[in-house]
Structure formats: structure tokens, C-alpha cells
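Chemist: Let me give you the structure first, and then I'll get to my questions.
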Amino acid sequence: VQLQASGGGSVQAGDSLRLSCTASGGTFSRLAMGWFRQTPGKEREFVAAISRSGLTSKYADSVKGRFTMSRDNDKKTVYLRMDSLRPEDTAVYYCAADPNAIVGVVVLEAYRYDYWGQGTLVTVSS
């Protein structure tokens, strides 16, 4: 499975962005998906995760109510809609895929993901 993330950029605080992550190879509907982010000197941080069907999602407390993760299994793509962006959201955002998750499960732990995208940089200025 290869993952290609896109949609990052430089925005002002309060703006919105939508990240996309498109998969190739594998059966996309059998992949639980997640978004993580990382800043220099810090560990990769969980942001959001979605189940194989898209019916279940979970968010980090820091983004709850501002970020929305969704997926389109026909397009083999997951999205992360980010609203009300803050300077502390500045990071490289990575999408990840877990081929081992069962139906209905969301995966929060980075070590459980087998496949990672290349990352897309989001910079939020105050």
C-alpha cells in the first residue's frame, strides 16, 4: 500500500484547510486509517482515526470539534477537514493505514499502522 498525502499549506489562524490522502495498492475498504502530526523534536502525535467503513471516528482532544476526518472508499481517499486552525496546529501531517484492524475499530496507536504517507506541512500563522 502506498499513501500520498496532499493539501498542506500556509494559512492564518482561524482559516481552514482540507488534507487528502490517497491510497494505491491493497483493498482500501479493508484499511483503518489515521492522521498523525509531528513537529521538530517531538514524537508523532495522534490526530484522528476512522474505521474501515467510515462510520466510526475518534479525535485527539486538542482537535475535537475543529477537525473532521472522513473517507471515500470508492476514491480510495481519506480527508482531514481542519477548521479554526491555530498556530499550535503547525506540523507535518501524516496519514497512515492499518490493514489488520477489524470492522468498526479505530486505531489510535502509531505503532499499529503498517503504512505511512510522506507527510504534508501545515503552517498556521497568528
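Just remember, in the C-alpha cells the first chain shown is A, the second B, etc., residues are 1-based per chain, and ligands are 1-based in the order shown.
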Hey, which bits of stretch 61-108 of chain A sit within 10 Å of stretch 1-12 of chain A, and for each residue what's the closest pair of atoms and how far apart in Å (one decimal), counting only C-alpha atoms, rows by chain and increasing number, as JSON lines?
Modeler:
{"residue": "A:Lys76", "atom": "CA", "partner": "A:Leu3", "partner_atom": "CA", "distance": 9.8}
{"residue": "A:Thr77", "atom": "CA", "partner": "A:Leu3", "partner_atom": "CA", "distance": 9.2}
{"residue": "A:Val78", "atom": "CA", "partner": "A:Ala5", "partner_atom": "CA", "distance": 9.3}
{"residue": "A:Tyr79", "atom": "CA", "partner": "A:Ala5", "partner_atom": "CA", "distance": 9.4}
{"residue": "A:Leu80", "atom": "CA", "partner": "A:Gly7", "partner_atom": "CA", "distance": 9.4}
{"residue": "A:Ser84", "atom": "CA", "partner": "A:Gln12", "partner_atom": "CA", "distance": 9.5}
{"residue": "A:Leu85", "atom": "CA", "partner": "A:Gln12", "partner_atom": "CA", "distance": 7.6}
{"residue": "A:Arg86", "atom": "CA", "partner": "A:Gln12", "partner_atom": "CA", "distance": 8.0}
{"residue": "A:Pro87", "atom": "CA", "partner": "A:Gln12", "partner_atom": "CA", "distance": 8.2}
{"residue": "A:Thr90", "atom": "CA", "partner": "A:Ser10", "partner_atom": "CA", "distance": 9.0}
{"residue": "A:Ala91", "atom": "CA", "partner": "A:Gly8", "partner_atom": "CA", "distance": 9.7}
{"residue": "A:Val92", "atom": "CA", "partner": "A:Gly8", "partner_atom": "CA", "distance": 8.4}
{"residue": "A:Tyr93", "atom": "CA", "partner": "A:Gly8", "partner_atom": "CA", "distance": 8.1}
{"residue": "A:Tyr94", "atom": "CA", "partner": "A:Ala5", "partner_atom": "CA", "distance": 7.1}
{"residue": "A:Cys95", "atom": "CA", "partner": "A:Ala5", "partner_atom": "CA", "distance": 6.7}
{"residue": "A:Ala96", "atom": "CA", "partner": "A:Leu3", "partner_atom": "CA", "distance": 7.5}
{"residue": "A:Ala97", "atom": "CA", "partner": "A:Leu3", "partner_atom": "CA", "distance": 8.1}
{"residue": "A:Asp98", "atom": "CA", "partner": "A:Val1", "partner_atom": "CA", "distance": 10.0}
{"residue": "A:Pro99", "atom": "CA", "partner": "A:Val1", "partner_atom": "CA", "distance": 9.2}
Chemist: Export, as a short mmCIF file (atom, residue, chain, number, x, y, z; two decimals), in the first residue's frame, the selected residues with C-alpha atoms.
Modeler:
data_model
loop_
_atom_site.label_atom_id
_atom_site.label_comp_id
_atom_site.auth_asym_id
_atom_site.auth_seq_id
_atom_site.Cartn_x
_atom_site.Cartn_y
_atom_site.Cartn_z
CA LYS A 76 -9.55 5.33 -2.02
CA THR A 77 -9.10 8.60 -0.18
CA VAL A 78 -9.35 9.90 3.35
CA TYR A 79 -9.73 13.55 4.22
CA LEU A 80 -8.98 15.71 7.20
CA SER A 84 -10.44 27.21 13.16
CA LEU A 85 -6.76 26.48 12.77
CA ARG A 86 -4.40 27.62 15.48
CA PRO A 87 -0.64 28.25 15.45
CA THR A 90 1.54 23.78 12.79
CA ALA A 91 3.16 20.43 11.99
CA VAL A 92 3.88 17.89 9.32
CA TYR A 93 0.74 15.79 8.96
CA TYR A 94 0.99 12.11 8.08
CA CYS A 95 -1.69 9.69 7.01
CA ALA A 96 -1.39 6.04 7.94
CA ALA A 97 -3.08 2.74 7.13
CA ASP A 98 -3.66 -0.34 9.26
CA PRO A 99 -4.56 -3.43 7.22
#
Chemist: Taking the DSSP secondary structure from the backbone, can you list the residues of chain A that are strand (DSSP E), as a PyMOL selection string?
Modeler: chain A and resi 2-6+9-12+17-24+32-38+45-50+57-59+67-72+77-82+91-98+115-116+120-125
Chemist: Compare A:Leu108, A:Met82, A:Ala101, A:Ala32 by their minimum atom-to-atom distance to A:Ser51, counting only C-alpha atoms, and give me the closest one.
Modeler: A:Ala32
Chemist: Would you compute the distance between atom CA of A:Thr27 and atom CA of A:Tyr113? Give it in Å to one decimal.
Modeler: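 Straight-line distance from atom CA of A:Thr27 to atom CA of A:Tyr113 works out to 15.3 Å.
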Chemist: For atom CA of A:Ala23 and atom CA of A:Arg112, determine how far apart the two atoms are, in Å to one decimal place.
Modeler: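 Interatomic distance here is 17.6 Å.
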Chemist: So how many Å separate atom CA of A:Arg44 and atom CA of A:Asn73, to one decimal?
Modeler: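 Those two atoms sit 25.8 Å apart.
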Chemist: From the options A:Gln118, A:Val107, A:Asp89, A:Asp15, which residue's atoms come nearest to A:Met33, counting only C-alpha atoms?
Modeler: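 Closest residue, counting only C-alpha atoms: A:Val107.
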Chemist: May I have the residues within 10 Å of A:Lys58 as a PyMOL selection string, using only C-alpha atoms and disregarding those fewer than 4 positions away in the same chain?
Modeler: chain A and resi 34+46-51+64+68-69+106-108
Chemist: Write out, as a JSON list (two decimals), in the first residue's frame, the residues just selected, with N, CA and C atoms.
Modeler:
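Printed below is selection-v8.json as written:
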[["chain", "number", "residue", "atom", "x", "y", "z"],
["A", 34, "GLY", "N", -5.63, 6.63, 9.69],
["A", 34, "GLY", "CA", -5.40, 7.61, 10.73],
["A", 34, "GLY", "C", -4.60, 8.79, 10.21],
["A", 46, "PHE", "N", -1.03, 11.55, 17.70],
["A", 46, "PHE", "CA", -2.30, 11.14, 17.12],
["A", 46, "PHE", "C", -3.20, 12.37, 16.92],
["A", 47, "VAL", "N", -3.86, 12.42, 15.77],
["A", 47, "VAL", "CA", -4.80, 13.49, 15.48],
["A", 47, "VAL", "C", -6.22, 12.94, 15.32],
["A", 48, "ALA", "N", -6.38, 11.96, 14.42],
["A", 48, "ALA", "CA", -7.72, 11.44, 14.14],
["A", 48, "ALA", "C", -7.60, 10.05, 13.52],
["A", 49, "ALA", "N", -8.65, 9.28, 13.67],
["A", 49, "ALA", "CA", -8.68, 7.94, 13.07],
["A", 49, "ALA", "C", -10.10, 7.62, 12.66],
["A", 50, "ILE", "N", -10.21, 6.74, 11.66],
["A", 50, "ILE", "CA", -11.51, 6.37, 11.14],
["A", 50, "ILE", "C", -11.52, 4.89, 10.85],
["A", 51, "SER", "N", -12.67, 4.27, 11.04],
["A", 51, "SER", "CA", -12.79, 2.84, 10.82],
["A", 51, "SER", "C", -12.86, 2.53, 9.33],
["A", 64, "LYS", "N", -10.62, 18.10, 18.71],
["A", 64, "LYS", "CA", -12.04, 17.73, 18.74],
["A", 64, "LYS", "C", -12.91, 18.96, 18.56],
["A", 68, "THR", "N", -12.36, 17.26, 11.22],
["A", 68, "THR", "CA", -13.27, 16.19, 10.84],
["A", 68, "THR", "C", -12.58, 15.28, 9.85],
["A", 69, "MET", "N", -12.54, 14.01, 10.18],
["A", 69, "MET", "CA", -11.96, 13.02, 9.28],
["A", 69, "MET", "C", -13.08, 12.26, 8.58],
["A", 106, "VAL", "N", -11.37, 1.74, 15.37],
["A", 106, "VAL", "CA", -10.48, 2.84, 15.04],
["A", 106, "VAL", "C", -9.17, 2.60, 15.77],
["A", 107, "VAL", "N", -8.07, 2.97, 15.13],
["A", 107, "VAL", "CA", -6.73, 2.67, 15.63],
["A", 107, "VAL", "C", -6.07, 3.97, 16.05],
["A", 108, "LEU", "N", -5.72, 4.06, 17.32],
["A", 108, "LEU", "CA", -5.17, 5.31, 17.85],
["A", 108, "LEU", "C", -3.65, 5.30, 17.96]]
Chemist: Using only C-alpha atoms, which of the listed residues (A:Cys21, A:Ala60, A:Ala13, A:Val103) sits closest to A:Trp116?
Modeler: A:Cys21
Chemist: Rank nothing, just name the residue among A:Ser126, A:Ser53, A:Asn100, A:Phe28 nearest to A:Asp114, using only C-alpha atoms.
Modeler: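 Of all the options, A:Asn100 lies closest to A:Asp114.
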Chemist: Identify which of the residues A:Ser16, A:Glu109, A:Ile102, A:Lys75 lies closest to A:Arg30, counting only C-alpha atoms when measuring atom-to-atom distances.
Modeler: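 So, comparing all the options, the nearest one is A:Ile102.
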